[in-house]
Amino acid sequence: MHEGTILVVVTLLLVVTTQANPATVVVGDLEYVLYKFDGTTGKLGYNDANAACVNISGELAIINDVGIQDAIQPLLQTDAGTTSWEMGYWIGGYCTSYCNAASNSGRQKNWKWSNGSRMYDGYTNWYSILEPNGDSNVGAYVYNFNDMGGYSNTFGTWGDDDVNTLKNYICQRHNNCNQNLCHNGGTCVNTATGSYTCHCLPGFGKPNCKTEYCNPNPCQN
């Protein structure tokens, strides 16, 4: 159940790359990286998930726009053989105390995105008016299952959970390849370390495919 109706049409550059793990989508200047693991191996608590995002020069995803939500949602994958409470992807929303925003709108100001902005100042996507309902030290996550406590069509909506619960997670980082860094027809690819690499056409090389091996002509006689 959504808390509001969004009547704004958002035009964004979307580039999608699908892999078993991770899956990525680029929205404007940011790349969103979805890490999904089978079982519990690889899943992390909220703080460790954010640290893993920092390790690739990013942070947990800030979904403060319906366009970002719409880009990420098709890439969510369900977890076979796990309960609903073990499923889902951490995102960058959190609250340390007085977090039960559903019962007291005054507590909504305590919910923040990882960049310090307030979650309730713009777009939100909680699955019902019952969420969030944790009291303290909770983070937001995206549901990747279709039914929660009698509420249907929860796939892609948000819930909250204790920050120590192990989950999949979604990182965001700057999209280096949005800057046209590769020359002479080279293809830019973001790397796992938050940098980029250029795949150059034959005859061109480093740096950034700027070197043209046959100009000037090195061949003699």
# chains A, B, ... in the order shown; residues from 1 in each chain; ligands from 1
call {"tool": "select_by_dssp", "arguments": {"residues": "stretch 67-188 of chain A", "states": "strand (DSSP E)", "output": "count of residues only"}}
result
36
call {"tool": "residues_around", "arguments": {"residues": "stretch 204-206 of chain A", "least_positions_apart": "2", "cutoff": "12 Å", "atoms": "only C-alpha atoms", "output": "count of residues only"}}
result
21
call {"tool": "atom_distance", "arguments": {"atom1": "atom CA of A:Tyr143", "atom2": "atom CA of A:Cys99"}}
result
18.9 Å
call {"tool": "atom_distance", "arguments": {"atom1": "atom CA of A:Cys219", "atom2": "atom CA of A:Gly203"}}
result
13.5 Å
call {"tool": "atom_distance", "arguments": {"atom1": "atom CA of A:Ile91", "atom2": "atom CA of A:Ala140"}}
result
5.8 Å
call {"tool": "closest_residue", "arguments": {"among": "A:Ser57, A:Thr83, A:Asn47, A:Thr157", "to": "A:Tyr32", "atoms": "only C-alpha atoms"}}
result
A:Ser57
call {"tool": "closest_residue", "arguments": {"among": "A:Val189, A:Ile129, A:Ala71, A:Ala102", "to": "A:Gly156", "atoms": "only C-alpha atoms"}}
result
A:Ala71
call {"tool": "closest_residue", "arguments": {"among": "A:Val142, A:Val66, A:Ala61, A:Ile72", "to": "A:Phe155", "atoms": "only C-alpha atoms"}}
result
A:Val142
call {"tool": "select_by_dssp", "arguments": {"residues": "stretch 1-120 of chain A", "states": "alpha helix (DSSP H)", "output": "PyMOL selection string"}}
result
chain A and resi 46-55+66-72
call {"tool": "closest_residue", "arguments": {"among": "A:Asp70, A:Asp65, A:Asp135, A:Asp79", "to": "A:Tyr98", "atoms": "only C-alpha atoms"}}
result
A:Asp135
call {"tool": "residues_around", "arguments": {"residues": "A:Arg173", "least_positions_apart": "3", "cutoff": "6 Å", "atoms": "only C-alpha atoms", "output": "PyMOL selection string"}}
result
chain A and resi 30-31+58
call {"tool": "decode", "arguments": {"residues": "stretch 156-170 of chain A", "atoms": "all heavy atoms", "output": "mmCIF file, in the first residue's frame"}}
result
data_model
loop_
_atom_site.group_PDB
_atom_site.id
_atom_site.type_symbol
_atom_site.label_atom_id
_atom_site.label_comp_id
_atom_site.auth_asym_id
_atom_site.auth_seq_id
_atom_site.Cartn_x
_atom_site.Cartn_y
_atom_site.Cartn_z
ATOM 1 N N GLY A 156 8.649 -5.102 -4.190
ATOM 2 C CA GLY A 156 9.234 -3.809 -4.530
ATOM 3 C C GLY A 156 8.944 -2.707 -3.539
ATOM 4 O O GLY A 156 9.572 -1.649 -3.600
ATOM 5 N N THR A 157 7.981 -2.924 -2.620
ATOM 6 C CA THR A 157 7.695 -1.904 -1.610
ATOM 7 C C THR A 157 8.683 -2.033 -0.457
ATOM 8 O O THR A 157 9.544 -2.906 -0.450
ATOM 9 C CB THR A 157 6.251 -2.018 -1.116
ATOM 10 O OG1 THR A 157 6.042 -3.341 -0.583
ATOM 11 C CG2 THR A 157 5.265 -1.787 -2.255
ATOM 12 N N TRP A 158 8.556 -1.161 0.549
ATOM 13 C CA TRP A 158 9.541 -1.104 1.619
ATOM 14 C C TRP A 158 8.982 -1.594 2.942
ATOM 15 O O TRP A 158 7.802 -1.458 3.239
ATOM 16 C CB TRP A 158 10.018 0.331 1.842
ATOM 17 C CG TRP A 158 10.506 1.061 0.646
ATOM 18 C CD1 TRP A 158 10.767 0.564 -0.603
ATOM 19 C CD2 TRP A 158 10.773 2.464 0.570
ATOM 20 N NE1 TRP A 158 11.185 1.562 -1.440
ATOM 21 C CE2 TRP A 158 11.207 2.740 -0.758
ATOM 22 C CE3 TRP A 158 10.702 3.507 1.481
ATOM 23 C CZ2 TRP A 158 11.546 4.023 -1.182
ATOM 24 C CZ3 TRP A 158 11.044 4.790 1.073
ATOM 25 C CH2 TRP A 158 11.468 5.033 -0.250
ATOM 26 N N GLY A 159 9.881 -2.150 3.749
ATOM 27 C CA GLY A 159 9.596 -2.456 5.139
ATOM 28 C C GLY A 159 10.790 -2.045 5.985
ATOM 29 O O GLY A 159 11.766 -1.498 5.469
ATOM 30 N N ASP A 160 10.729 -2.311 7.296
ATOM 31 C CA ASP A 160 11.871 -2.017 8.155
ATOM 32 C C ASP A 160 12.215 -3.239 8.986
ATOM 33 O O ASP A 160 11.364 -4.085 9.250
ATOM 34 C CB ASP A 160 11.589 -0.805 9.048
ATOM 35 C CG ASP A 160 10.536 -1.093 10.118
ATOM 36 O OD1 ASP A 160 9.572 -1.820 9.804
ATOM 37 O OD2 ASP A 160 10.685 -0.589 11.240
ATOM 38 N N ASP A 161 13.466 -3.339 9.396
ATOM 39 C CA ASP A 161 13.920 -4.490 10.162
ATOM 40 C C ASP A 161 15.129 -4.074 10.998
ATOM 41 O O ASP A 161 15.774 -3.056 10.712
ATOM 42 C CB ASP A 161 14.290 -5.639 9.226
ATOM 43 C CG ASP A 161 14.190 -7.004 9.901
ATOM 44 O OD1 ASP A 161 14.012 -7.055 11.133
ATOM 45 O OD2 ASP A 161 14.296 -8.024 9.194
ATOM 46 N N ASP A 162 15.412 -4.876 12.026
ATOM 47 C CA ASP A 162 16.576 -4.636 12.869
ATOM 48 C C ASP A 162 17.843 -4.619 12.010
ATOM 49 O O ASP A 162 18.000 -5.443 11.101
ATOM 50 C CB ASP A 162 16.670 -5.745 13.920
ATOM 51 C CG ASP A 162 17.806 -5.526 14.889
ATOM 52 O OD1 ASP A 162 18.952 -5.900 14.557
ATOM 53 O OD2 ASP A 162 17.572 -4.968 15.975
ATOM 54 N N VAL A 163 18.752 -3.691 12.311
ATOM 55 C CA VAL A 163 19.934 -3.504 11.460
ATOM 56 C C VAL A 163 20.855 -4.714 11.462
ATOM 57 O O VAL A 163 21.716 -4.846 10.581
ATOM 58 C CB VAL A 163 20.728 -2.255 11.876
ATOM 59 C CG1 VAL A 163 19.929 -0.990 11.640
ATOM 60 C CG2 VAL A 163 21.196 -2.343 13.330
ATOM 61 N N ASN A 164 20.698 -5.637 12.427
ATOM 62 C CA ASN A 164 21.562 -6.817 12.475
ATOM 63 C C ASN A 164 21.044 -7.979 11.651
ATOM 64 O O ASN A 164 21.734 -8.994 11.508
ATOM 65 C CB ASN A 164 21.747 -7.266 13.933
ATOM 66 C CG ASN A 164 22.483 -6.229 14.757
ATOM 67 O OD1 ASN A 164 23.538 -5.743 14.361
ATOM 68 N ND2 ASN A 164 21.921 -5.872 15.907
ATOM 69 N N THR A 165 19.836 -7.862 11.099
ATOM 70 C CA THR A 165 19.280 -8.928 10.263
ATOM 71 C C THR A 165 20.066 -9.029 8.967
ATOM 72 O O THR A 165 20.407 -8.022 8.348
ATOM 73 C CB THR A 165 17.803 -8.646 9.951
ATOM 74 O OG1 THR A 165 17.090 -8.436 11.166
ATOM 75 C CG2 THR A 165 17.187 -9.809 9.186
ATOM 76 N N LEU A 166 20.374 -10.241 8.544
ATOM 77 C CA LEU A 166 21.148 -10.464 7.323
ATOM 78 C C LEU A 166 20.239 -10.393 6.111
ATOM 79 O O LEU A 166 19.215 -11.085 6.049
ATOM 80 C CB LEU A 166 21.848 -11.823 7.378
ATOM 81 C CG LEU A 166 22.802 -12.054 8.548
ATOM 82 C CD1 LEU A 166 23.421 -13.434 8.461
ATOM 83 C CD2 LEU A 166 23.882 -10.982 8.591
ATOM 84 N N LYS A 167 20.611 -9.554 5.146
ATOM 85 C CA LYS A 167 19.814 -9.391 3.929
ATOM 86 C C LYS A 167 20.721 -9.155 2.733
ATOM 87 O O LYS A 167 21.928 -8.909 2.858
ATOM 88 C CB LYS A 167 18.863 -8.188 4.069
ATOM 89 C CG LYS A 167 17.803 -8.334 5.149
ATOM 90 C CD LYS A 167 16.824 -7.167 5.116
ATOM 91 C CE LYS A 167 15.842 -7.265 6.271
ATOM 92 N NZ LYS A 167 15.002 -8.473 6.207
ATOM 93 N N ASN A 168 20.097 -9.238 1.541
ATOM 94 C CA ASN A 168 20.736 -8.734 0.335
ATOM 95 C C ASN A 168 20.828 -7.209 0.459
ATOM 96 O O ASN A 168 20.305 -6.629 1.412
ATOM 97 C CB ASN A 168 19.919 -9.111 -0.900
ATOM 98 C CG ASN A 168 19.698 -10.601 -1.007
ATOM 99 O OD1 ASN A 168 20.618 -11.397 -1.011
ATOM 100 N ND2 ASN A 168 18.423 -11.002 -1.075
ATOM 101 N N TYR A 169 21.452 -6.551 -0.506
ATOM 102 C CA TYR A 169 21.559 -5.098 -0.387
ATOM 103 C C TYR A 169 21.746 -4.455 -1.756
ATOM 104 O O TYR A 169 22.140 -5.116 -2.728
ATOM 105 C CB TYR A 169 22.698 -4.696 0.554
ATOM 106 C CG TYR A 169 24.040 -5.326 0.251
ATOM 107 C CD1 TYR A 169 24.993 -4.668 -0.523
ATOM 108 C CD2 TYR A 169 24.368 -6.576 0.759
ATOM 109 C CE1 TYR A 169 26.223 -5.239 -0.782
ATOM 110 C CE2 TYR A 169 25.594 -7.164 0.507
ATOM 111 C CZ TYR A 169 26.527 -6.484 -0.262
ATOM 112 O OH TYR A 169 27.749 -7.065 -0.532
ATOM 113 N N ILE A 170 21.424 -3.156 -1.816
ATOM 114 C CA ILE A 170 21.533 -2.383 -3.052
ATOM 115 C C ILE A 170 22.453 -1.197 -2.796
ATOM 116 O O ILE A 170 22.205 -0.386 -1.901
ATOM 117 C CB ILE A 170 20.170 -1.874 -3.531
ATOM 118 C CG1 ILE A 170 19.175 -3.033 -3.669
ATOM 119 C CG2 ILE A 170 20.303 -1.127 -4.865
ATOM 120 C CD1 ILE A 170 17.744 -2.593 -3.977
#
